[in-house]
Amino acid sequence: MSQQLGALGPDQTAVAPTRRKWRVTRALLRNPMAVGSVVTLAVMTLLCLLAPLITGHDSMYSSVDHVNAPIGTEGWLLGGDAQGRDMWSRLLASISVSLTAALIGTGVAVIIGVVFGLVAGYVGRTIDSIASWVFDLVLALPSLLMLIVLLPVTRGSYQLTMMLLGIMLSPGVYRLVRNMVIGIRRELYIDAAKVAGLSTWRILTRHVFFVVRGPIVIQAAFIATICINVQAGLAFLGVGANTPSFGSMISLAFTNLYGEPIQLVWPTLGLVALTGALILFANAYRDALAGTTTAARRRSRRALADVVKRADEAAPTTEKPTEKALLTVRDLRIAYPRSDGSLNEVVHEVSLTVDSGEIVGLVGESGSGKTQTAFAMLGLLPHEAVVSAKELSLGGRPLLGLTPTELRELRGPDLAYIPQEPMSNLDPSFTVGSQLVEPLRRTMPRAQAKQRVLELLARVGIPDPPRTFHSYPHQISGGMAQRVLIAGAVATQPKVLIADEPTTALDVTVQAEILDLLRELQHELRMGVLLVTHNFGVVADLCDRVVVMRDGRDVETGEVRQIFHHPAHEYTRSLIDSILDEETVRTDAPASRAKEGVR
Amino acid sequence: MIPFLLRRLVSGIVVITVVTSIVFFLTYGTSVQIARNILGPSASDEQVAILNEDLGLDRPLVEQYLDWITSAARGDLGASYFTSEPITEALANRLPVTFSMVIVAVLITLIASLALGITAAARGGVVDRVLQSIGTVSYVFPVVIIAIGMVYLFAIVLRWVPAIGFVPITQSPGHWLASIILPSITLAIGGIAGLAAQIRGSLVDELGRDYIRTLRSRGVSERAILCKHALRNAAGPALTVFSLQFIGIFGASLFIERIFALPGYGAYAMNATVQGDFPVLLGVTLVSVVLVVAVNLVVDVAQGWLNPKVRV
């Protein structure tokens with residue numbers, strides 16, 4: 001089996017992108033916007049190529065008799081301009097100039113950006129720093145002005161000007177490619193390719209370029225519109241010799257705006273059709289890459305609306321709370337909409353209670369739905385989550401169906417939360433103190449709130465509270481940050497504290513201290529605590545009761561002591577066994593005793 | 001903070017030197033007939049040689065560049081080859097026109113982008129789609145077309161504002177505003193498209209982060225979470241895009257000045273480029289690059305102030 005997987009490995013890397021390529025192409029073919037824009041571009045290209053056959057006059061030919069000739073004059077399909085030249089012929093010539101300008105500018109930008117981006121992203125180090133500095137410099141140039149200032153050098157040749165513009169637009173491509181390559185480089189299959197002995201160049205071209213080309217196509221379309229617009233703009237200003245161009249047509253028509261406004265219509269239409277087709281194609285391509293169609297999204301939204309309504313109807317609990325429990329959850333379900341609009345239920349009929357002064361452990365492997373359950377109680381699930389329950393109440397008050405404001409008022413004085421990862425849960429832009437003071441300002445003046453926060457910081461064991469108060473999150477350690485978060489959670493003296501793996505991200509030595517602190521605070525404040533964890537050792541250490549979850553269901557509930565000695569469910573037994581093996585290393589007294597009990 | 005600023009200042013000076021020298025060597029280095037162009041075809045070789053000597057064009061290029069940049073550092077950009085008008089003076093007359101327009105455009109961009117970006121991030125829906133449409137329009141329609149459409153609609157059909165011309169703010173603030181409001185709005189459309197989308201994107205990213213959930217769990221209001229915490233953290237990337245939009249707006253003003261017949265630096269630069277008036281071109285380049293460097297420096301300082309890791 002493992003051999004088979006190994007053999008599949010390298011092949012998969014080639015197969016997956018190919019399949020994706022076809023998926024993208026098919027998605028594009030189904031999108032009328034994409035098809036329409038490609039057809040528009042093709043027709044315009046064809047018209048340029050056929051120009052000598054389908055126009056009566058050269059674009060430069062000027063006839064005094066046809067100055068401002070009306071539309072449909074014999075042989076002058078769109079009439080004549082203010083200088084008696086054939087508008088139809090000039091229009092086709094302009095398309096051809098625009099397409100050439102786009103090809104040159106985009107070609108230069110993409111080649112420079114891709115080559116340097118691949119190299120800088122893949123090789124890194126000095127080359128990366130130098131290249132990034134140079135491209136940053138180019139990005140900061142006032143590019144339009146530079147193009148105009150350098151016109152005496154390019155001698156009015158729009159091709160040369162577009163090459164310069166291509167250089168000035170290359171930083172966008174460079175950054176895109178470089179950042180994507182750096183991302184991919186860390187991915188597994190590049191390592192696999194290296195192990196397989198592929199040369200750096202082959203890895204770059206075959207594997208890396210395969211992945212980055214989608215975004216490059218999109219960016220190239222945008223660059224092409226910039227090139228077309230800049231070329232037209234420069235021609236509008238009257239630079240670039242006598243080349244026919246949308247810009248010079250617009251410029252001439254602009255001087256004629258009061259007399260013959262219709263003359264402005266043709267170049268505008270031509271220009272907008274060209275750039276519009278490119279932009280719409282880019283947008284359609286992006287959608288195809290993202291793999292979402294608006295139809296699916298709409299369907300999902302409608303299905304969601306139905307379900308939410310049902311959940312709302314179910315929410316008001318008609319039965320009164322059965323027990324005196326502080327926090328009661330009965331048959332909690334959490335579901336998320338899939339991309340096709342159906343619902344994917346991740347938590348099924350979970351029930352638990354937490355009483356004041358009690359610590360309840362919510363145990364399970366990662367992915368068992370325990371964090372989802374915890375967030376549902378706090379009302380902190382993402383917007384798209386669909387939550388329903390026979391009962392979800394705090395002190396007899398139903399939590400489902402509360403308005404966001406009502407729920408917000410409960411958070412703090414009634415419900416509080418300690419997160420898992422200390423550093424990412426502090427706002428990096430504000431001092432520790434200001435973040436802790438902010439929620440307290442609802443009930444007390446600033447000076448008092450600050451005093452209280454300083455006391456709390458001292459209470460949670462921070463050695464120099466004023467200093468930590470004025471520190472930014474990046475200036476304190478992970479253990480300190482977790483103490484700060486605990487202080488933030490208990491600051492409002494909540495009735496129920498929900499702690500989501502509060503020690504998982506910390507060093508072993510710090511873990512024990514944090515658990516001790518939690519126990520003390522729980523005792524002092526007589527809080528009910530729901531402790532979400534995957535660690536049975538923590539449960540044994542701290543909890544009164546425990547709820548075991550697996551695959552979104554609660555498989556077993558009971559007193560900690562009883563469950564340790566007589567786990568009813570096989571899954572609980574395996575959890576205890578696996579964790580106790582690890583635990584014996586620490587010679588944790590109650591745990592090892594429990595292990596003997598199991599045997 | 002001080003070493004950080006010094007480093008940025010030095011890199012700014014490097015940018016100014018590199019860009020002006022590129023323009024200098026490309027223009028002076030590739031055109032051998034400057035004096036001939038000035039004097040016209042009927043001038044004798046002797047006259048050309050005398051003028052070359054007068055202008056110092058017979059000296060080595062490097063020497064000429066050093067000469068130029070040392071006087072430029074003292075604020076003397078030389079004089080036009082063709083009109084002999086001092087360039088520093090000419091720019092001082094013309095830049096207020098351009099700056100009026102650019103500054104108003106930047107203000108419109110900032111206010112509209114913040115309003116649109118924040119609403120789109122918080123509510124989505126209609127505002128989100130409006131934002132996307134502005135983006136598409138600003139890409140599909142070149143600024144020249146948008147400007148002409150503006151002139152046609154507001155100045156010719158509706159006659160709300162004058163189509164062309166500039167009134168200094170010292171003369172009449174009301175007429176000043178009327179003379180630059182159309183060009184400024186036109187310039188702002190492109191800026192709004194880029195900046196508002198960036199603000200929206202960064203805000204959506206920030207709103208999904210852990211610390212936002214933790215702040216919510218403490219009962220902090222949605223308003224404070226969005227406008228204080230998320231916005232403050234989203235401001236960094238938005239500022240970077242803002243500095244790029246500023247440069248874009250400044251560049252696009254070249255086109256806009258022509259359409260609205262505003263006597264700004266754009267017409268001056270165009271004239272010089274058609275004639276081959278190199279000292280003027282260099283002066284215009286220097287002013288633009290100094291402006292770009294200054295904007296980037298201000299943005300860097302703002303970034304440093306926003307990001308406590310840089311500030312300390």
# chains A, B, ... in the order shown; residues from 1 in each chain; ligands from 1
call {"tool": "residues_around", "arguments": {"residues": "Ser351 of chain A", "least_positions_apart": "5", "cutoff": "8 Å", "atoms": "only C-alpha atoms", "output": "list in words"}}
result
Thr328, Val329, Arg330, Asp331, Leu332 and Asp554 of chain A
call {"tool": "interface_residues", "arguments": {"of": "chain A", "to": "chain B", "cutoff": "8 Å", "atoms": "only C-alpha atoms", "output": "ChimeraX atom specification"}}
result
/A:137,140-146,148-153,222,225-226,229,233,237,239,254,268,272,275-276,279,378,380,408-412,415-419,424-429,438-439,472,474,488-489
call {"tool": "write_last_selection", "arguments": {"atoms": "C-alpha atoms", "output": "compact mmCIF listing (two decimals), in the first residue's frame"}}
result
# COMPACT_ATOMS: atom_id res chain seq x y z
CA LEU A 137 12.37 51.28 -7.10
CA ALA A 140 7.87 53.94 -7.31
CA LEU A 141 8.70 55.70 -10.58
CA PRO A 142 6.20 58.21 -11.91
CA SER A 143 5.91 56.03 -15.01
CA LEU A 144 3.68 58.20 -17.24
CA LEU A 145 5.87 61.22 -16.75
CA MET A 146 8.99 59.15 -17.40
CA ILE A 148 6.80 61.51 -21.74
CA VAL A 149 10.17 62.83 -20.59
CA LEU A 150 11.93 60.05 -22.49
CA LEU A 151 10.02 60.69 -25.73
CA PRO A 152 12.99 62.51 -27.26
CA VAL A 153 14.91 59.28 -26.66
CA PHE A 222 -4.82 43.85 -16.75
CA THR A 225 -5.44 47.14 -20.78
CA ILE A 226 -3.00 49.51 -19.09
CA ASN A 229 -4.94 52.93 -22.35
CA GLY A 233 -3.55 58.52 -23.74
CA LEU A 237 -1.70 64.20 -25.98
CA VAL A 239 2.90 62.49 -29.07
CA PHE A 254 -12.67 66.13 -28.91
CA THR A 268 -14.47 55.19 -27.78
CA VAL A 272 -13.82 50.15 -24.70
CA THR A 275 -10.22 46.83 -22.89
CA GLY A 276 -13.64 45.61 -21.74
CA ILE A 279 -11.03 42.84 -18.25
CA LEU A 378 -20.34 32.14 22.91
CA LEU A 380 -18.77 33.37 18.00
CA ARG A 408 -22.78 41.10 23.16
CA GLU A 409 -24.06 42.30 26.52
CA LEU A 410 -23.86 38.74 27.86
CA ARG A 411 -20.25 38.38 26.78
CA GLY A 412 -18.09 39.68 29.58
CA LEU A 415 -19.74 34.43 29.41
CA ALA A 416 -16.00 34.70 28.89
CA TYR A 417 -13.47 32.97 26.69
CA ILE A 418 -9.81 32.01 26.90
CA PRO A 419 -8.32 31.15 23.50
CA SER A 424 -2.58 35.64 17.69
CA ASN A 425 -5.35 36.52 20.12
CA LEU A 426 -3.95 39.88 21.12
CA ASP A 427 -4.40 42.82 18.78
CA PRO A 428 -0.82 43.57 17.65
CA SER A 429 -1.48 47.29 17.19
CA GLU A 438 -11.63 48.66 26.63
CA PRO A 439 -14.29 46.09 27.68
CA TYR A 472 2.71 45.70 22.93
CA HIS A 474 5.12 41.35 20.48
CA GLY A 488 -8.97 39.66 30.08
CA ALA A 489 -11.42 36.81 30.43
call {"tool": "residues_around", "arguments": {"residues": "Val134 of chain A", "least_positions_apart": "5", "cutoff": "9 Å", "atoms": "only C-alpha atoms", "output": "count of residues only"}}
result
3
call {"tool": "closest_residue", "arguments": {"among": "A:Leu394, A:Leu47, A:Ser248, A:Leu289", "to": "Arg26 of chain A", "atoms": "only C-alpha atoms"}}
result
A:Leu289
call {"tool": "atom_distance", "arguments": {"atom1": "atom CA of Ile476 of chain A", "atom2": "atom CA of Glu501 of chain A"}}
result
20.1 Å
call {"tool": "residues_around", "arguments": {"residues": "segment 58-61 of chain A", "least_positions_apart": "6", "cutoff": "10 Å", "atoms": "only C-alpha atoms", "output": "MDAnalysis selection string"}}
result
chainID A and resid 51:52 83:94 242:244
call {"tool": "write_last_selection", "arguments": {"atoms": "all heavy atoms", "output": "compact mmCIF listing (two decimals), in the first residue's frame"}}
result
# COMPACT_ATOMS: atom_id res chain seq x y z
N ALA A 51 -8.00 44.20 -42.78
CA ALA A 51 -8.19 45.63 -43.04
C ALA A 51 -7.97 46.02 -44.51
O ALA A 51 -8.79 46.73 -45.09
CB ALA A 51 -7.32 46.45 -42.12
N PRO A 52 -6.87 45.57 -45.16
CA PRO A 52 -6.65 46.00 -46.54
C PRO A 52 -7.80 45.59 -47.47
O PRO A 52 -8.06 46.26 -48.47
CB PRO A 52 -5.37 45.27 -46.95
CG PRO A 52 -4.72 44.87 -45.69
CD PRO A 52 -5.80 44.69 -44.67
N GLN A 83 -10.28 65.91 -40.79
CA GLN A 83 -9.25 66.12 -41.80
C GLN A 83 -9.53 65.31 -43.07
O GLN A 83 -8.64 65.10 -43.88
CB GLN A 83 -7.87 65.74 -41.23
CG GLN A 83 -7.45 66.70 -40.13
CD GLN A 83 -6.16 66.29 -39.46
OE1 GLN A 83 -5.46 65.41 -39.95
NE2 GLN A 83 -5.86 66.93 -38.35
N GLY A 84 -10.77 64.85 -43.19
CA GLY A 84 -11.18 64.16 -44.41
C GLY A 84 -10.58 62.78 -44.57
O GLY A 84 -10.35 62.31 -45.68
N ARG A 85 -10.32 62.09 -43.45
CA ARG A 85 -9.78 60.73 -43.55
C ARG A 85 -10.86 59.71 -43.23
O ARG A 85 -11.81 60.02 -42.49
CB ARG A 85 -8.58 60.56 -42.61
CG ARG A 85 -7.39 61.40 -43.06
CD ARG A 85 -6.27 61.37 -42.05
NE ARG A 85 -6.70 61.89 -40.74
CZ ARG A 85 -5.85 62.21 -39.78
NH1 ARG A 85 -4.55 62.04 -39.96
NH2 ARG A 85 -6.27 62.68 -38.64
N ASP A 86 -10.71 58.52 -43.75
CA ASP A 86 -11.72 57.46 -43.61
C ASP A 86 -11.75 56.96 -42.16
O ASP A 86 -10.79 56.34 -41.69
CB ASP A 86 -11.38 56.32 -44.58
CG ASP A 86 -12.44 55.24 -44.56
OD1 ASP A 86 -13.39 55.36 -43.76
OD2 ASP A 86 -12.32 54.29 -45.35
N MET A 87 -12.85 57.18 -41.46
CA MET A 87 -12.94 56.79 -40.03
C MET A 87 -12.87 55.28 -39.86
O MET A 87 -12.28 54.78 -38.91
CB MET A 87 -14.26 57.31 -39.43
CG MET A 87 -14.39 58.81 -39.41
SD MET A 87 -13.77 59.56 -37.91
CE MET A 87 -15.02 59.14 -36.75
N TRP A 88 -13.50 54.55 -40.76
CA TRP A 88 -13.52 53.08 -40.66
C TRP A 88 -12.11 52.54 -40.80
O TRP A 88 -11.67 51.69 -40.00
CB TRP A 88 -14.45 52.54 -41.75
CG TRP A 88 -14.45 51.05 -41.98
CD1 TRP A 88 -14.17 50.42 -43.15
CD2 TRP A 88 -14.75 50.02 -41.03
NE1 TRP A 88 -14.27 49.07 -43.00
CE2 TRP A 88 -14.63 48.78 -41.70
CE3 TRP A 88 -15.12 50.02 -39.68
CZ2 TRP A 88 -14.87 47.58 -41.07
CZ3 TRP A 88 -15.34 48.80 -39.06
CH2 TRP A 88 -15.22 47.60 -39.75
N SER A 89 -11.41 53.04 -41.77
CA SER A 89 -10.05 52.58 -42.00
C SER A 89 -9.15 52.95 -40.81
O SER A 89 -8.32 52.16 -40.36
CB SER A 89 -9.54 53.20 -43.29
OG SER A 89 -8.15 53.13 -43.34
N ARG A 90 -9.34 54.16 -40.28
CA ARG A 90 -8.53 54.60 -39.13
C ARG A 90 -8.86 53.78 -37.89
O ARG A 90 -7.98 53.50 -37.07
CB ARG A 90 -8.76 56.08 -38.85
CG ARG A 90 -8.08 56.99 -39.86
CD ARG A 90 -8.18 58.44 -39.49
NE ARG A 90 -7.28 58.86 -38.41
CZ ARG A 90 -5.98 58.97 -38.54
NH1 ARG A 90 -5.40 58.67 -39.68
NH2 ARG A 90 -5.24 59.39 -37.53
N LEU A 91 -10.14 53.41 -37.79
CA LEU A 91 -10.54 52.61 -36.63
C LEU A 91 -9.81 51.26 -36.64
O LEU A 91 -9.26 50.82 -35.62
CB LEU A 91 -12.06 52.39 -36.66
CG LEU A 91 -12.69 51.79 -35.41
CD1 LEU A 91 -12.59 52.75 -34.24
CD2 LEU A 91 -14.13 51.41 -35.65
N LEU A 92 -9.80 50.61 -37.80
CA LEU A 92 -9.13 49.30 -37.89
C LEU A 92 -7.63 49.44 -37.64
O LEU A 92 -7.03 48.63 -36.95
CB LEU A 92 -9.39 48.66 -39.26
CG LEU A 92 -10.84 48.30 -39.54
CD1 LEU A 92 -10.94 47.47 -40.81
CD2 LEU A 92 -11.44 47.52 -38.37
N ALA A 93 -7.04 50.52 -38.20
CA ALA A 93 -5.62 50.74 -37.97
C ALA A 93 -5.34 50.96 -36.48
O ALA A 93 -4.34 50.49 -35.94
CB ALA A 93 -5.14 51.94 -38.78
N SER A 94 -6.27 51.65 -35.81
CA SER A 94 -6.09 51.90 -34.37
C SER A 94 -6.14 50.61 -33.59
O SER A 94 -5.37 50.41 -32.64
CB SER A 94 -7.19 52.83 -33.86
OG SER A 94 -7.18 54.03 -34.56
N ASN A 242 2.64 60.22 -36.40
CA ASN A 242 1.36 60.21 -37.10
C ASN A 242 0.67 58.86 -37.05
O ASN A 242 -0.26 58.62 -37.81
CB ASN A 242 1.57 60.62 -38.55
CG ASN A 242 1.78 62.11 -38.67
OD1 ASN A 242 1.14 62.88 -37.96
ND2 ASN A 242 2.71 62.52 -39.51
N THR A 243 1.14 57.97 -36.19
CA THR A 243 0.52 56.66 -36.13
C THR A 243 -0.97 56.81 -35.85
O THR A 243 -1.35 57.50 -34.91
CB THR A 243 1.15 55.83 -34.99
OG1 THR A 243 2.53 56.11 -34.95
CG2 THR A 243 0.87 54.37 -35.17
N PRO A 244 -1.83 56.19 -36.65
CA PRO A 244 -3.25 56.24 -36.31
C PRO A 244 -3.47 55.51 -34.99
O PRO A 244 -2.83 54.48 -34.73
CB PRO A 244 -3.94 55.52 -37.46
CG PRO A 244 -2.89 54.73 -38.12
CD PRO A 244 -1.58 55.38 -37.84
call {"tool": "atom_distance", "arguments": {"atom1": "atom CA of His569 of chain A", "atom2": "atom CA of Ala540 of chain A"}}
result
17.4 Å
call {"tool": "atom_distance", "arguments": {"atom1": "atom CA of Asn344 of chain A", "atom2": "atom CA of His383 of chain A"}}
result
14.8 Å
call {"tool": "residues_around", "arguments": {"residues": "Gly247 of chain A", "least_positions_apart": "6", "cutoff": "8 Å", "atoms": "only C-alpha atoms", "output": "mmCIF file with N, CA and C atoms, in the first residue's frame"}}
result
data_model
loop_
_atom_site.group_PDB
_atom_site.id
_atom_site.type_symbol
_atom_site.label_atom_id
_atom_site.label_comp_id
_atom_site.auth_asym_id
_atom_site.auth_seq_id
_atom_site.Cartn_x
_atom_site.Cartn_y
_atom_site.Cartn_z
ATOM 1 N N GLN A 231 -1.107 53.937 -24.261
ATOM 2 C CA GLN A 231 -0.797 54.266 -25.656
ATOM 3 C C GLN A 231 -1.825 55.255 -26.194
ATOM 4 N N ALA A 232 -3.117 54.967 -25.920
ATOM 5 C CA ALA A 232 -4.171 55.871 -26.389
ATOM 6 C C ALA A 232 -4.023 57.248 -25.738
ATOM 7 N N GLY A 233 -3.690 57.249 -24.458
ATOM 8 C CA GLY A 233 -3.545 58.518 -23.739
ATOM 9 C C GLY A 233 -2.412 59.355 -24.305
ATOM 10 N N LEU A 234 -1.271 58.711 -24.570
ATOM 11 C CA LEU A 234 -0.133 59.450 -25.120
ATOM 12 C C LEU A 234 -0.469 59.978 -26.504
ATOM 13 N N ALA A 235 -1.149 59.156 -27.307
ATOM 14 C CA ALA A 235 -1.547 59.603 -28.642
ATOM 15 C C ALA A 235 -2.542 60.749 -28.523
ATOM 16 N N PHE A 236 -3.387 60.699 -27.500
ATOM 17 C CA PHE A 236 -4.333 61.780 -27.271
ATOM 18 C C PHE A 236 -3.583 63.089 -27.027
ATOM 19 N N LEU A 237 -2.495 63.004 -26.271
ATOM 20 C CA LEU A 237 -1.702 64.198 -25.979
ATOM 21 C C LEU A 237 -0.956 64.673 -27.216
ATOM 22 N N PRO A 267 -14.059 55.759 -31.944
ATOM 23 C CA PRO A 267 -12.842 55.352 -31.217
ATOM 24 C C PRO A 267 -13.147 54.911 -29.794
#
call {"tool": "residues_around", "arguments": {"residues": "segment 99-116 of chain B", "least_positions_apart": "4", "cutoff": "6 Å", "atoms": "only C-alpha atoms", "output": "list in words"}}
result
Leu95, Ala120, Ile180, Ser184, Leu187, Ala188, Gly191, Ile192, Leu195 and Ala196 of chain B
call {"tool": "residues_around", "arguments": {"residues": "Met150 of chain B", "least_positions_apart": "4", "cutoff": "7 Å", "atoms": "only C-alpha atoms", "output": "ChimeraX atom specification"}}
result
/B:146,154,182
call {"tool": "decode", "arguments": {"residues": "segment 137-161 of chain B", "atoms": "N, CA and C atoms", "output": "PDB file, in the first residue's frame"}}
result
ATOM      1  N   VAL B 137     -15.006  49.716 -14.326  1.00  0.00           N
ATOM      2  CA  VAL B 137     -15.123  50.940 -15.132  1.00  0.00           C
ATOM      3  C   VAL B 137     -13.767  51.639 -15.232  1.00  0.00           C
ATOM      4  N   SER B 138     -13.068  51.732 -14.105  1.00  0.00           N
ATOM      5  CA  SER B 138     -11.819  52.493 -14.133  1.00  0.00           C
ATOM      6  C   SER B 138     -10.764  51.778 -14.966  1.00  0.00           C
ATOM      7  N   TYR B 139     -10.895  50.451 -15.093  1.00  0.00           N
ATOM      8  CA  TYR B 139      -9.933  49.747 -15.951  1.00  0.00           C
ATOM      9  C   TYR B 139     -10.337  49.832 -17.412  1.00  0.00           C
ATOM     10  N   VAL B 140     -11.652  49.670 -17.670  1.00  0.00           N
ATOM     11  CA  VAL B 140     -12.113  49.600 -19.059  1.00  0.00           C
ATOM     12  C   VAL B 140     -12.038  50.980 -19.721  1.00  0.00           C
ATOM     13  N   PHE B 141     -12.518  52.018 -19.016  1.00  0.00           N
ATOM     14  CA  PHE B 141     -12.522  53.342 -19.612  1.00  0.00           C
ATOM     15  C   PHE B 141     -11.248  54.075 -19.253  1.00  0.00           C
ATOM     16  N   PRO B 142     -10.447  54.449 -20.240  1.00  0.00           N
ATOM     17  CA  PRO B 142      -9.259  55.209 -19.910  1.00  0.00           C
ATOM     18  C   PRO B 142      -9.655  56.556 -19.330  1.00  0.00           C
ATOM     19  N   VAL B 143      -8.768  57.103 -18.531  1.00  0.00           N
ATOM     20  CA  VAL B 143      -9.059  58.340 -17.824  1.00  0.00           C
ATOM     21  C   VAL B 143      -9.439  59.453 -18.798  1.00  0.00           C
ATOM     22  N   VAL B 144      -8.887  59.388 -20.006  1.00  0.00           N
ATOM     23  CA  VAL B 144      -9.196  60.402 -21.019  1.00  0.00           C
ATOM     24  C   VAL B 144     -10.682  60.374 -21.377  1.00  0.00           C
ATOM     25  N   ILE B 145     -11.216  59.166 -21.562  1.00  0.00           N
ATOM     26  CA  ILE B 145     -12.632  59.022 -21.933  1.00  0.00           C
ATOM     27  C   ILE B 145     -13.527  59.469 -20.789  1.00  0.00           C
ATOM     28  N   ILE B 146     -13.164  59.062 -19.561  1.00  0.00           N
ATOM     29  CA  ILE B 146     -13.969  59.473 -18.410  1.00  0.00           C
ATOM     30  C   ILE B 146     -13.981  60.999 -18.321  1.00  0.00           C
ATOM     31  N   ALA B 147     -12.824  61.619 -18.539  1.00  0.00           N
ATOM     32  CA  ALA B 147     -12.738  63.070 -18.455  1.00  0.00           C
ATOM     33  C   ALA B 147     -13.610  63.732 -19.511  1.00  0.00           C
ATOM     34  N   ILE B 148     -13.546  63.208 -20.731  1.00  0.00           N
ATOM     35  CA  ILE B 148     -14.359  63.800 -21.798  1.00  0.00           C
ATOM     36  C   ILE B 148     -15.844  63.637 -21.473  1.00  0.00           C
ATOM     37  N   GLY B 149     -16.207  62.449 -20.966  1.00  0.00           N
ATOM     38  CA  GLY B 149     -17.591  62.230 -20.573  1.00  0.00           C
ATOM     39  C   GLY B 149     -18.022  63.229 -19.506  1.00  0.00           C
ATOM     40  N   MET B 150     -17.145  63.485 -18.536  1.00  0.00           N
ATOM     41  CA  MET B 150     -17.431  64.452 -17.469  1.00  0.00           C
ATOM     42  C   MET B 150     -17.647  65.846 -18.053  1.00  0.00           C
ATOM     43  N   VAL B 151     -16.746  66.259 -18.935  1.00  0.00           N
ATOM     44  CA  VAL B 151     -16.864  67.579 -19.557  1.00  0.00           C
ATOM     45  C   VAL B 151     -18.189  67.671 -20.297  1.00  0.00           C
ATOM     46  N   TYR B 152     -18.461  66.636 -21.094  1.00  0.00           N
ATOM     47  CA  TYR B 152     -19.664  66.655 -21.926  1.00  0.00           C
ATOM     48  C   TYR B 152     -20.908  66.769 -21.052  1.00  0.00           C
ATOM     49  N   LEU B 153     -20.968  65.942 -19.991  1.00  0.00           N
ATOM     50  CA  LEU B 153     -22.177  65.898 -19.175  1.00  0.00           C
ATOM     51  C   LEU B 153     -22.321  67.149 -18.299  1.00  0.00           C
ATOM     52  N   PHE B 154     -21.290  67.449 -17.511  1.00  0.00           N
ATOM     53  CA  PHE B 154     -21.461  68.485 -16.483  1.00  0.00           C
ATOM     54  C   PHE B 154     -21.183  69.892 -16.994  1.00  0.00           C
ATOM     55  N   ALA B 155     -20.328  69.999 -18.006  1.00  0.00           N
ATOM     56  CA  ALA B 155     -19.992  71.342 -18.474  1.00  0.00           C
ATOM     57  C   ALA B 155     -20.778  71.738 -19.717  1.00  0.00           C
ATOM     58  N   ILE B 156     -21.036  70.774 -20.595  1.00  0.00           N
ATOM     59  CA  ILE B 156     -21.707  71.148 -21.840  1.00  0.00           C
ATOM     60  C   ILE B 156     -23.213  70.929 -21.744  1.00  0.00           C
ATOM     61  N   VAL B 157     -23.643  69.744 -21.282  1.00  0.00           N
ATOM     62  CA  VAL B 157     -25.078  69.465 -21.223  1.00  0.00           C
ATOM     63  C   VAL B 157     -25.719  70.158 -20.020  1.00  0.00           C
ATOM     64  N   LEU B 158     -25.168  69.914 -18.815  1.00  0.00           N
ATOM     65  CA  LEU B 158     -25.799  70.452 -17.606  1.00  0.00           C
ATOM     66  C   LEU B 158     -25.335  71.871 -17.267  1.00  0.00           C
ATOM     67  N   ARG B 159     -24.155  72.237 -17.758  1.00  0.00           N
ATOM     68  CA  ARG B 159     -23.589  73.577 -17.513  1.00  0.00           C
ATOM     69  C   ARG B 159     -23.466  73.912 -16.026  1.00  0.00           C
ATOM     70  N   TRP B 160     -23.114  72.920 -15.211  1.00  0.00           N
ATOM     71  CA  TRP B 160     -22.945  73.167 -13.776  1.00  0.00           C
ATOM     72  C   TRP B 160     -21.635  73.884 -13.475  1.00  0.00           C
ATOM     73  N   VAL B 161     -20.596  73.495 -14.203  1.00  0.00           N
ATOM     74  CA  VAL B 161     -19.259  74.054 -13.936  1.00  0.00           C
ATOM     75  C   VAL B 161     -18.644  74.451 -15.270  1.00  0.00           C
TER      76      VAL B 161
END
